[in-house]
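Asks: Next comes final29.cif, mmCIF, C-alpha atoms and all ligand atoms:
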```cif
data_work
loop_
_atom_site.group_PDB
_atom_site.id
_atom_site.type_symbol
_atom_site.label_atom_id
_atom_site.label_comp_id
_atom_site.auth_asym_id
_atom_site.auth_seq_id
_atom_site.Cartn_x
_atom_site.Cartn_y
_atom_site.Cartn_z
ATOM 1 C CA MET B 1 -4.706 9.069 26.101
ATOM 2 C CA ASN B 2 -6.447 6.262 24.208
ATOM 3 C CA LYS B 3 -4.815 5.286 20.965
ATOM 4 C CA ILE B 4 -6.744 5.377 17.713
ATOM 5 C CA VAL B 5 -6.624 3.748 14.278
ATOM 6 C CA ILE B 6 -5.537 5.961 11.385
ATOM 7 C CA ALA B 7 -6.514 4.827 7.872
ATOM 8 C CA ILE B 8 -4.734 6.383 4.901
ATOM 9 C CA ASP B 9 -6.051 5.496 1.451
ATOM 10 C CA GLY B 10 -5.483 6.906 -1.984
ATOM 11 C CA HIS B 11 -4.185 6.567 -5.504
ATOM 12 C CA SER B 12 -1.028 4.740 -6.575
ATOM 13 C CA SER B 13 2.279 6.421 -5.784
ATOM 14 C CA CYS B 14 0.867 9.512 -4.177
ATOM 15 C CA GLY B 15 3.222 9.293 -1.222
ATOM 16 C CA LYS B 16 0.828 7.631 1.213
ATOM 17 C CA SER B 17 3.502 5.439 2.708
ATOM 18 C CA THR B 18 5.975 8.290 3.216
ATOM 19 C CA MET B 19 3.252 10.259 4.992
ATOM 20 C CA ALA B 20 1.963 7.328 7.010
ATOM 21 C CA LYS B 21 5.450 6.231 8.074
ATOM 22 C CA GLU B 22 6.459 9.696 9.206
ATOM 23 C CA LEU B 23 3.219 10.295 11.087
ATOM 24 C CA ALA B 24 3.540 6.935 12.865
ATOM 25 C CA LYS B 25 7.112 7.796 13.870
ATOM 26 C CA GLN B 26 6.140 11.196 15.230
ATOM 27 C CA ILE B 27 3.230 9.959 17.323
ATOM 28 C CA GLY B 28 4.762 6.634 18.404
ATOM 29 C CA TYR B 29 2.298 4.427 16.481
ATOM 30 C CA THR B 30 3.000 1.312 14.418
ATOM 31 C CA TYR B 31 3.006 1.779 10.644
ATOM 32 C CA ILE B 32 1.612 -1.006 8.465
ATOM 33 C CA ASP B 33 2.000 -1.012 4.697
ATOM 34 C CA SER B 34 -0.944 -3.056 3.409
ATOM 35 C CA GLY B 35 0.268 -2.587 -0.184
ATOM 36 C CA ALA B 36 3.444 -4.480 0.699
ATOM 37 C CA MET B 37 1.271 -7.477 1.623
ATOM 38 C CA TYR B 38 -0.412 -7.484 -1.814
ATOM 39 C CA ARG B 39 2.954 -6.924 -3.485
ATOM 40 C CA THR B 40 4.379 -9.928 -1.617
ATOM 41 C CA VAL B 41 1.584 -12.195 -2.837
ATOM 42 C CA ALA B 42 2.190 -10.917 -6.393
ATOM 43 C CA LEU B 43 5.926 -11.623 -6.059
ATOM 44 C CA TYR B 44 5.146 -15.132 -4.805
ATOM 45 C CA CYS B 45 2.910 -15.736 -7.861
ATOM 46 C CA ILE B 46 5.697 -14.589 -10.209
ATOM 47 C CA GLN B 47 8.365 -16.670 -8.454
ATOM 48 C CA LYS B 48 6.226 -19.820 -8.422
ATOM 49 C CA GLY B 49 5.255 -19.495 -12.083
ATOM 50 C CA LEU B 50 1.565 -18.955 -11.289
ATOM 51 C CA PHE B 51 1.329 -16.468 -14.138
ATOM 52 C CA VAL B 52 1.225 -17.864 -17.633
ATOM 53 C CA GLY B 53 1.579 -14.698 -19.667
ATOM 54 C CA ASN B 54 -1.108 -12.508 -18.161
ATOM 55 C CA LYS B 55 -3.211 -15.362 -16.882
ATOM 56 C CA LEU B 56 -3.063 -16.122 -13.174
ATOM 57 C CA ASN B 57 -3.589 -19.721 -12.070
ATOM 58 C CA LEU B 58 -6.256 -19.074 -9.437
ATOM 59 C CA ASP B 59 -6.699 -22.705 -8.386
ATOM 60 C CA ALA B 60 -3.004 -23.057 -7.607
ATOM 61 C CA LEU B 61 -2.915 -19.725 -5.772
ATOM 62 C CA LYS B 62 -5.928 -20.676 -3.685
ATOM 63 C CA GLN B 63 -4.235 -23.906 -2.647
ATOM 64 C CA GLN B 64 -1.019 -22.108 -1.772
ATOM 65 C CA MET B 65 -2.463 -19.032 0.011
ATOM 66 C CA ASN B 66 -1.729 -20.530 3.432
ATOM 67 C CA ALA B 67 1.917 -20.996 2.443
ATOM 68 C CA ILE B 68 2.440 -17.258 1.878
ATOM 69 C CA HIS B 69 3.653 -15.557 5.047
ATOM 70 C CA THR B 70 4.410 -11.844 5.028
ATOM 71 C CA THR B 71 6.194 -10.319 7.984
ATOM 72 C CA PHE B 72 7.600 -6.875 8.740
ATOM 73 C CA ILE B 73 10.942 -6.769 10.534
ATOM 74 C CA PRO B 74 12.700 -3.561 11.656
ATOM 75 C CA ASN B 75 15.963 -2.848 9.852
ATOM 76 C CA PRO B 76 18.420 -1.201 12.276
ATOM 77 C CA THR B 77 20.416 0.334 9.385
ATOM 78 C CA THR B 78 17.498 2.224 7.824
ATOM 79 C CA GLY B 79 15.386 2.581 10.969
ATOM 80 C CA LYS B 80 12.420 1.305 8.917
ATOM 81 C CA SER B 81 10.733 -2.079 8.634
ATOM 82 C CA ASP B 82 11.547 -4.423 5.773
ATOM 83 C CA THR B 83 9.036 -6.812 4.217
ATOM 84 C CA TYR B 84 9.808 -10.535 4.329
ATOM 85 C CA LEU B 85 8.220 -13.300 2.267
ATOM 86 C CA ASN B 86 8.499 -16.664 4.025
ATOM 87 C CA GLY B 87 11.574 -15.472 5.915
ATOM 88 C CA LYS B 88 13.366 -13.830 2.980
ATOM 89 C CA ASN B 89 13.871 -10.067 2.779
ATOM 90 C CA VAL B 90 11.966 -8.931 -0.345
ATOM 91 C CA GLU B 91 11.729 -5.213 0.454
ATOM 92 C CA SER B 92 13.472 -4.113 -2.731
ATOM 93 C CA GLU B 93 12.054 -6.808 -5.019
ATOM 94 C CA ILE B 94 8.407 -6.035 -4.221
ATOM 95 C CA ARG B 95 8.929 -2.424 -5.353
ATOM 96 C CA SER B 96 10.075 -3.452 -8.858
ATOM 97 C CA MET B 97 8.109 -2.702 -12.040
ATOM 98 C CA ALA B 98 7.704 -6.452 -12.616
ATOM 99 C CA VAL B 99 5.680 -6.691 -9.397
ATOM 100 C CA ALA B 100 3.876 -3.360 -10.013
ATOM 101 C CA GLU B 101 2.669 -4.760 -13.344
ATOM 102 C CA LYS B 102 0.994 -7.777 -11.724
ATOM 103 C CA VAL B 103 -0.051 -6.616 -8.266
ATOM 104 C CA SER B 104 -3.447 -5.105 -9.077
ATOM 105 C CA GLN B 105 -4.521 -8.290 -10.848
ATOM 106 C CA VAL B 106 -3.601 -10.307 -7.753
ATOM 107 C CA ALA B 107 -5.225 -7.730 -5.439
ATOM 108 C CA ALA B 108 -8.525 -8.029 -7.324
ATOM 109 C CA VAL B 109 -8.892 -11.712 -6.380
ATOM 110 C CA GLY B 110 -11.587 -12.120 -3.724
ATOM 111 C CA PHE B 111 -9.909 -14.866 -1.686
ATOM 112 C CA VAL B 112 -6.605 -12.956 -1.641
ATOM 113 C CA ARG B 113 -8.346 -9.870 -0.260
ATOM 114 C CA GLU B 114 -10.263 -11.914 2.287
ATOM 115 C CA ALA B 115 -7.060 -13.447 3.658
ATOM 116 C CA LEU B 116 -5.103 -10.188 3.750
ATOM 117 C CA VAL B 117 -7.944 -8.105 5.189
ATOM 118 C CA ARG B 118 -8.207 -10.635 8.033
ATOM 119 C CA GLN B 119 -4.463 -10.341 8.725
ATOM 120 C CA GLN B 120 -4.648 -6.534 8.592
ATOM 121 C CA GLN B 121 -7.579 -6.430 11.010
ATOM 122 C CA ALA B 122 -5.683 -8.683 13.422
ATOM 123 C CA LEU B 123 -2.763 -6.236 13.378
ATOM 124 C CA GLY B 124 -5.093 -3.422 14.447
ATOM 125 C CA THR B 125 -6.820 -4.941 17.456
ATOM 126 C CA GLU B 126 -4.634 -3.016 19.907
ATOM 127 C CA LYS B 127 -5.106 0.257 17.978
ATOM 128 C CA GLY B 128 -2.186 2.712 17.856
ATOM 129 C CA ILE B 129 -1.608 1.979 14.167
ATOM 130 C CA VAL B 130 -1.322 3.913 10.938
ATOM 131 C CA MET B 131 -2.192 1.697 7.960
ATOM 132 C CA ASP B 132 -2.120 2.780 4.340
ATOM 133 C CA GLY B 133 -3.721 1.180 1.297
ATOM 134 C CA ARG B 134 -6.841 1.379 -0.840
ATOM 135 C CA ASP B 135 -9.655 -0.013 1.314
ATOM 136 C CA ILE B 136 -8.431 0.661 4.835
ATOM 137 C CA GLY B 137 -11.051 3.268 5.729
ATOM 138 C CA THR B 138 -13.842 1.466 3.880
ATOM 139 C CA VAL B 139 -13.326 -2.270 4.491
ATOM 140 C CA VAL B 140 -10.436 -3.040 6.858
ATOM 141 C CA PHE B 141 -11.209 -0.427 9.521
ATOM 142 C CA PRO B 142 -14.539 1.203 8.663
ATOM 143 C CA ASP B 143 -14.624 2.524 12.255
ATOM 144 C CA ALA B 144 -11.142 4.099 12.116
ATOM 145 C CA GLU B 145 -11.185 7.322 14.096
ATOM 146 C CA LEU B 146 -9.128 9.248 11.517
ATOM 147 C CA LYS B 147 -9.365 8.617 7.763
ATOM 148 C CA ILE B 148 -7.332 10.468 5.194
ATOM 149 C CA PHE B 149 -7.693 10.097 1.433
ATOM 150 C CA VAL B 150 -4.552 11.174 -0.410
ATOM 151 C CA THR B 151 -4.244 12.151 -4.021
ATOM 152 C CA ALA B 152 -1.952 14.037 -6.402
ATOM 153 C CA SER B 153 -1.868 14.669 -10.136
ATOM 154 C CA PRO B 154 -0.888 11.645 -12.289
ATOM 155 C CA GLU B 155 2.153 13.497 -13.695
ATOM 156 C CA ILE B 156 3.498 14.371 -10.266
ATOM 157 C CA ARG B 157 2.921 10.827 -9.005
ATOM 158 C CA THR B 158 4.716 9.457 -12.062
ATOM 159 C CA GLN B 159 7.689 11.738 -11.574
ATOM 160 C CA ARG B 160 8.022 10.723 -7.914
ATOM 161 C CA ARG B 161 7.875 6.994 -8.675
ATOM 162 C CA LEU B 162 10.261 7.378 -11.623
ATOM 163 C CA GLU B 163 12.833 9.021 -9.339
ATOM 164 C CA GLU B 164 12.523 6.142 -6.859
ATOM 165 C CA LEU B 165 13.076 3.557 -9.595
ATOM 166 C CA ILE B 166 16.020 5.451 -11.056
ATOM 167 C CA ALA B 167 17.578 5.692 -7.580
ATOM 168 C CA LYS B 168 17.299 1.881 -7.428
ATOM 169 C CA ASN B 169 18.997 1.576 -10.832
ATOM 170 C CA GLU B 170 15.866 0.132 -12.384
ATOM 171 C CA PRO B 171 15.691 1.379 -15.963
ATOM 172 C CA THR B 172 12.243 2.546 -17.027
ATOM 173 C CA SER B 173 10.560 5.520 -18.665
ATOM 174 C CA PHE B 174 8.078 8.232 -17.692
ATOM 175 C CA GLU B 175 5.515 6.721 -20.098
ATOM 176 C CA ALA B 176 5.886 3.196 -18.665
ATOM 177 C CA VAL B 177 5.426 4.427 -15.092
ATOM 178 C CA LEU B 178 2.484 6.666 -16.003
ATOM 179 C CA HIS B 179 0.822 3.765 -17.798
ATOM 180 C CA ASN B 180 1.379 1.486 -14.811
ATOM 181 C CA LEU B 181 -0.101 3.976 -12.312
ATOM 182 C CA THR B 182 -3.121 4.713 -14.481
ATOM 183 C CA GLU B 183 -3.760 1.041 -15.104
ATOM 184 C CA ARG B 184 -3.414 0.113 -11.429
ATOM 185 C CA ASP B 185 -5.811 2.899 -10.421
ATOM 186 C CA ARG B 186 -8.283 1.678 -13.034
ATOM 187 C CA ILE B 187 -8.168 -1.941 -11.849
ATOM 188 C CA ASP B 188 -8.141 -0.916 -8.164
ATOM 189 C CA SER B 189 -11.155 1.391 -8.557
ATOM 190 C CA THR B 190 -13.316 -0.943 -10.619
ATOM 191 C CA ARG B 191 -12.843 -4.284 -8.848
ATOM 192 C CA LYS B 192 -15.769 -5.832 -7.021
ATOM 193 C CA ASP B 193 -14.108 -6.447 -3.633
ATOM 194 C CA GLY B 194 -12.642 -3.571 -1.648
ATOM 195 C CA PRO B 195 -12.356 -1.088 -4.509
ATOM 196 C CA LEU B 196 -10.268 2.033 -4.123
ATOM 197 C CA LYS B 197 -12.712 4.714 -3.081
ATOM 198 C CA GLN B 198 -12.872 7.572 -0.674
ATOM 199 C CA ALA B 199 -14.701 6.758 2.558
ATOM 200 C CA SER B 200 -17.567 9.199 3.101
ATOM 201 C CA ASP B 201 -15.968 10.384 6.354
ATOM 202 C CA ALA B 202 -12.408 10.709 4.996
ATOM 203 C CA ILE B 203 -10.519 13.993 4.824
ATOM 204 C CA VAL B 204 -9.040 14.595 1.352
ATOM 205 C CA LEU B 205 -5.422 15.687 1.105
ATOM 206 C CA ASP B 206 -4.014 16.610 -2.310
ATOM 207 C CA ASN B 207 -0.246 16.732 -1.893
ATOM 208 C CA SER B 208 0.607 17.677 -5.516
ATOM 209 C CA ASN B 209 2.153 20.938 -4.432
ATOM 210 C CA LEU B 210 3.301 20.078 -0.927
ATOM 211 C CA THR B 211 6.869 19.389 0.158
ATOM 212 C CA ILE B 212 7.438 16.356 2.360
ATOM 213 C CA ALA B 213 7.862 18.663 5.373
ATOM 214 C CA GLU B 214 4.559 20.419 4.581
ATOM 215 C CA GLN B 215 2.655 17.189 4.150
ATOM 216 C CA ASN B 216 4.042 15.822 7.411
ATOM 217 C CA GLN B 217 2.959 18.982 9.161
ATOM 218 C CA GLN B 218 -0.568 18.705 7.751
ATOM 219 C CA MET B 219 -0.850 15.077 8.803
ATOM 220 C CA LEU B 220 0.271 15.903 12.315
ATOM 221 C CA ALA B 221 -2.203 18.788 12.482
ATOM 222 C CA LEU B 222 -5.042 16.460 11.434
ATOM 223 C CA PHE B 223 -4.039 13.983 14.128
ATOM 224 C CA GLN B 224 -3.783 16.672 16.788
ATOM 225 C CA SER B 225 -7.127 18.171 15.937
ATOM 226 C CA LYS B 226 -8.713 14.696 16.099
ATOM 227 C CA MET B 227 -7.207 14.082 19.530
ATOM 228 C CA GLY B 228 -8.370 17.497 20.720
HETATM 229 O O1 LIG I 301 3.073 2.479 -3.394
HETATM 230 P P1 LIG I 301 1.878 2.455 -4.312
HETATM 231 O O2 LIG I 301 0.847 3.474 -3.912
HETATM 232 O O3 LIG I 301 2.233 2.569 -5.750
HETATM 233 O O4 LIG I 301 1.210 1.029 -4.173
HETATM 234 P P2 LIG I 301 1.008 0.124 -2.888
HETATM 235 O O5 LIG I 301 0.331 0.875 -1.776
HETATM 236 O O6 LIG I 301 2.292 -0.544 -2.578
HETATM 237 O O7 LIG I 301 -0.047 -0.956 -3.418
HETATM 238 C C1 LIG I 301 0.253 -1.802 -4.495
HETATM 239 C C2 LIG I 301 -1.040 -2.383 -5.043
HETATM 240 O O8 LIG I 301 -1.608 -3.244 -4.040
HETATM 241 C C3 LIG I 301 -2.154 -1.413 -5.395
HETATM 242 O O9 LIG I 301 -2.065 -0.891 -6.712
HETATM 243 C C4 LIG I 301 -3.392 -2.271 -5.231
HETATM 244 O O10 LIG I 301 -3.617 -3.048 -6.383
HETATM 245 C C5 LIG I 301 -3.016 -3.201 -4.103
HETATM 246 N N1 LIG I 301 -3.556 -2.805 -2.801
HETATM 247 C C6 LIG I 301 -4.871 -3.094 -2.527
HETATM 248 O O11 LIG I 301 -5.574 -3.610 -3.380
HETATM 249 N N2 LIG I 301 -5.391 -2.836 -1.300
HETATM 250 C C7 LIG I 301 -4.646 -2.265 -0.356
HETATM 251 N N3 LIG I 301 -5.176 -2.050 0.851
HETATM 252 C C8 LIG I 301 -3.296 -1.924 -0.620
HETATM 253 C C9 LIG I 301 -2.789 -2.189 -1.873
#
```
Take the structure in this file and express it as structure tokens.
Ligand code: CDP

Replies:
Amino acid sequence: MNKIVIAIDGHSSCGKSTMAKELAKQIGYTYIDSGAMYRTVALYCIQKGLFVGNKLNLDALKQQMNAIHTTFIPNPTTGKSDTYLNGKNVESEIRSMAVAEKVSQVAAVGFVREALVRQQQALGTEKGIVMDGRDIGTVVFPDAELKIFVTASPEIRTQRRLEELIAKNEPTSFEAVLHNLTERDRIDSTRKDGPLKQASDAIVLDNSNLTIAEQNQQMLALFQSKMG
């Protein structure tokens, strides 16, 4: 059977990547985390001192865009792919609060989006992919055969992200995480290029009250009904 492109978009920390990863595994597709690509560029900006306080040096970033290479390499221990920045494993670092605080500012820059959207589209030419992000069903793959828009209540999303950070021994608070999610959603939804918005042909899935097993089951059912 012909493979399709599956686009999963939605709000910050609503479990898109868990859902997308599991669906890809079950149906033998490749999972691509577009958020990791934006997070990697944000990490690069932090490491290279391109932020002065809250101000991002756009001229320097523009000049250095071609020097930022993000790759995904399978990790045999976890069975998942890790994100690499210029050959260095940054999987854990890109999930830190320090990166979360800067990523939406970086992701709002037009030339950053242009470069990453091009890379994402190149990864999808063979189809058979599940990609999650904010603009996958609207900009990256507007012709994706299956589009899902995921959401959950801000409190539930905060609690889930807080547990992840605590498990990583990163000290933070409910209020700090809630503020970060709300702020990222605000910046992501109001930017000019590739804003976070539901594609008109996307199916909405609110997973506030679903267990991981239930959400996986719903995703699989959506895929199966699409494939007939
Ligand atoms: O895991 P979480 O939902 O919190 O975020 P993510 O998917 O890792 O994305 C991190 C950030 O990257 C988002 O808040 C957006 O600012 C940006 N992003 C984007 O602009 N476009 C995408 N396709 C994916 C992520």

Asks: Sort by chain and increasing residue number a table of all residues of chain B within 6 Å of ligand LIG 301 (chain I), each with its closest pair of atoms and their distance in Å to one decimal, counting all atoms listed in the file, and write it as JSON lines.

Replies:
```
{"residue": "B:Ser12", "atom": "CA", "partner": "I:LIG301", "partner_atom": "O2", "distance": 3.5}
{"residue": "B:Ser13", "atom": "CA", "partner": "I:LIG301", "partner_atom": "O2", "distance": 3.8}
{"residue": "B:Ser34", "atom": "CA", "partner": "I:LIG301", "partner_atom": "C8", "distance": 4.8}
{"residue": "B:Gly35", "atom": "CA", "partner": "I:LIG301", "partner_atom": "C9", "distance": 3.5}
{"residue": "B:Ala36", "atom": "CA", "partner": "I:LIG301", "partner_atom": "O6", "distance": 5.2}
{"residue": "B:Tyr38", "atom": "CA", "partner": "I:LIG301", "partner_atom": "O8", "distance": 4.9}
{"residue": "B:Arg39", "atom": "CA", "partner": "I:LIG301", "partner_atom": "C1", "distance": 5.9}
{"residue": "B:Val103", "atom": "CA", "partner": "I:LIG301", "partner_atom": "O10", "distance": 5.4}
{"residue": "B:Ser104", "atom": "CA", "partner": "I:LIG301", "partner_atom": "O10", "distance": 3.4}
{"residue": "B:Ala107", "atom": "CA", "partner": "I:LIG301", "partner_atom": "O11", "distance": 4.6}
{"residue": "B:Gly133", "atom": "CA", "partner": "I:LIG301", "partner_atom": "N3", "distance": 3.6}
{"residue": "B:Arg134", "atom": "CA", "partner": "I:LIG301", "partner_atom": "N3", "distance": 4.2}
{"residue": "B:Asp135", "atom": "CA", "partner": "I:LIG301", "partner_atom": "N3", "distance": 4.9}
{"residue": "B:Ile136", "atom": "CA", "partner": "I:LIG301", "partner_atom": "N3", "distance": 5.8}
{"residue": "B:Arg184", "atom": "CA", "partner": "I:LIG301", "partner_atom": "O9", "distance": 5.0}
{"residue": "B:Asp188", "atom": "CA", "partner": "I:LIG301", "partner_atom": "O10", "distance": 5.3}
```

Asks: Each residue of segment 23-140 of chain B with at least one atom at most 12 Å from segment 155-176 of chain B should appear once, together with its nearest atom pair and the corresponding distance in Å (one decimal); atoms considered: only C-alpha atoms; ordering: chain, then increasing residue number; output as a Markdown table.

Replies:
```
| residue | atom | partner | partner_atom | distance |
| --- | --- | --- | --- | --- |
| B:Glu91 | CA | B:Lys168 | CA | 12.0 |
| B:Ser92 | CA | B:Lys168 | CA | 8.5 |
| B:Glu93 | CA | B:Lys168 | CA | 10.4 |
| B:Ile94 | CA | B:Leu165 | CA | 11.9 |
| B:Arg95 | CA | B:Leu165 | CA | 8.4 |
| B:Ser96 | CA | B:Leu165 | CA | 7.7 |
| B:Met97 | CA | B:Glu170 | CA | 8.3 |
| B:Ala98 | CA | B:Glu170 | CA | 10.5 |
| B:Ala100 | CA | B:Ala176 | CA | 11.0 |
| B:Glu101 | CA | B:Ala176 | CA | 10.1 |
```

Asks: With C-alpha atoms retained, write the just-selected residues as an mmCIF file, in the frame of the given file.

Replies:
```
data_model
loop_
_atom_site.group_PDB
_atom_site.id
_atom_site.type_symbol
_atom_site.label_atom_id
_atom_site.label_comp_id
_atom_site.auth_asym_id
_atom_site.auth_seq_id
_atom_site.Cartn_x
_atom_site.Cartn_y
_atom_site.Cartn_z
ATOM 1 C CA GLU B 91 11.729 -5.213 0.454
ATOM 2 C CA SER B 92 13.472 -4.113 -2.731
ATOM 3 C CA GLU B 93 12.054 -6.808 -5.019
ATOM 4 C CA ILE B 94 8.407 -6.035 -4.221
ATOM 5 C CA ARG B 95 8.929 -2.424 -5.353
ATOM 6 C CA SER B 96 10.075 -3.452 -8.858
ATOM 7 C CA MET B 97 8.109 -2.702 -12.040
ATOM 8 C CA ALA B 98 7.704 -6.452 -12.616
ATOM 9 C CA ALA B 100 3.876 -3.360 -10.013
ATOM 10 C CA GLU B 101 2.669 -4.760 -13.344
#
```

Asks: Could you name the residues that touch Gln105 of chain B at 12 Å or less, counting only C-alpha atoms, but leaving out those on the same chain fewer than 5 positions away, as an MDAnalysis selection string?

Replies: chainID B and resid 38:39 41:43 45 51 54:58 99:100 110 112:113 183:191

Asks: When you look at Asn207 of chain B with a cut-off of 7 Å (counting all atoms listed in the file), what residues show up, excluding the ones that are within fewer than 4 positions of it in the same chain? I need them as a list in words.

Replies: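 Selected residues are Thr151, Ala152 and Gln215 of chain B.
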
Asks: I need the residue nearest Asp82 of chain B from this list: B:Ala202, B:Thr70, B:Phe149, B:Cys14. Use all atoms listed in the file for the distance.

Replies: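 The answer is B:Thr70, which sits nearest to Asp82 of chain B.
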
Asks: Which one of B:Ile6, B:Leu116, B:Leu220, B:Val130 sits closest to Ala144 of chain B if you count all atoms listed in the file?

Replies: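 So, comparing all the options, the nearest one is B:Ile6.
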
Asks: What is the distance, in Å and to one decimal place, between atom CA of Val106 of chain B and atom CA of Asn86 of chain B?

Replies: 18.0 Å

Asks: Rank B:Asn75, B:Lys147, B:Ile68, B:Ile129 by their smallest atom-to-atom distance to Ala115 of chain B, using only C-alpha atoms, and report the top residue only.

Replies: B:Ile68

Asks: Quick one: pull the distance between atom CA of Met37 of chain B and atom CA of Met227 of chain B, Å, one decimal.

Replies: 29.3 Å

Asks: Just say which residues the PyMOL selection byres (((chain B and resi 84) around 9) and not hetatm) picks in this file, as a PDB file with C-alpha atoms, in the frame of the given file.

Replies:
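Done, and the output landed in out-v4.pdb:
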```pdb
ATOM      1  CA  THR B  40       4.379  -9.928  -1.617  1.00  0.00           C
ATOM      2  CA  HIS B  69       3.653 -15.557   5.047  1.00  0.00           C
ATOM      3  CA  THR B  70       4.410 -11.844   5.028  1.00  0.00           C
ATOM      4  CA  THR B  71       6.194 -10.319   7.984  1.00  0.00           C
ATOM      5  CA  PHE B  72       7.600  -6.875   8.740  1.00  0.00           C
ATOM      6  CA  ILE B  73      10.942  -6.769  10.534  1.00  0.00           C
ATOM      7  CA  ASP B  82      11.547  -4.423   5.773  1.00  0.00           C
ATOM      8  CA  THR B  83       9.036  -6.812   4.217  1.00  0.00           C
ATOM      9  CA  LEU B  85       8.220 -13.300   2.267  1.00  0.00           C
ATOM     10  CA  ASN B  86       8.499 -16.664   4.025  1.00  0.00           C
ATOM     11  CA  GLY B  87      11.574 -15.472   5.915  1.00  0.00           C
ATOM     12  CA  LYS B  88      13.366 -13.830   2.980  1.00  0.00           C
ATOM     13  CA  ASN B  89      13.871 -10.067   2.779  1.00  0.00           C
ATOM     14  CA  VAL B  90      11.966  -8.931  -0.345  1.00  0.00           C
ATOM     15  CA  GLU B  91      11.729  -5.213   0.454  1.00  0.00           C
TER      16      GLU B  91
END
```

Asks: Kindly list the centre and edge lengths in Å, rounded to one decimal, for the axis-aligned box that covers all listed atoms of segment 122-130 of chain B plus 5 Å on each of its six sides, as JSON.

Replies:
```
{"center_x": -4.1, "center_y": -2.4, "center_z": 15.4, "size_x": 15.5, "size_y": 22.6, "size_z": 19.0}
```

Asks: Nearest to Val5 of chain B: which of B:Leu123, B:Ala60, B:Ile46, B:Val52 is it, counting all atoms listed in the file?

Replies: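 Smallest separation from Val5 of chain B among the options: B:Leu123.
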
Asks: Just checking: using only C-alpha atoms, which residue out of B:Asn209, B:Asn216, B:Asn180, B:Gln198 ends up closest to Val139 of chain B?

Replies: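 Comparing B:Asn209, B:Asn216, B:Asn180, B:Gln198 against Val139 of chain B, the winner is B:Gln198.
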
Asks: Could you jot down the atom CA of Met65 of chain B to atom CA of Val140 of chain B separation for me, Å, one decimal place?

Replies: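 Value for the atom CA of Met65 of chain B-atom CA of Val140 of chain B distance: 19.1 Å.
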
Asks: With distances taken over all atoms listed in the file, which of B:Lys197, B:Lys48, B:Lys127, B:Lys192 is nearest to Thr30 of chain B?

Replies: B:Lys127

Asks: Compute the distance from (-0.3, 13.7, 14.1) to each atom, counting only C-alpha atoms, keep the residues with any atom at most 10 Å away, and return them as a PyMOL selection string; use the coordinates of the file.

Replies: chain B and resi 6+20+22-29+216-227
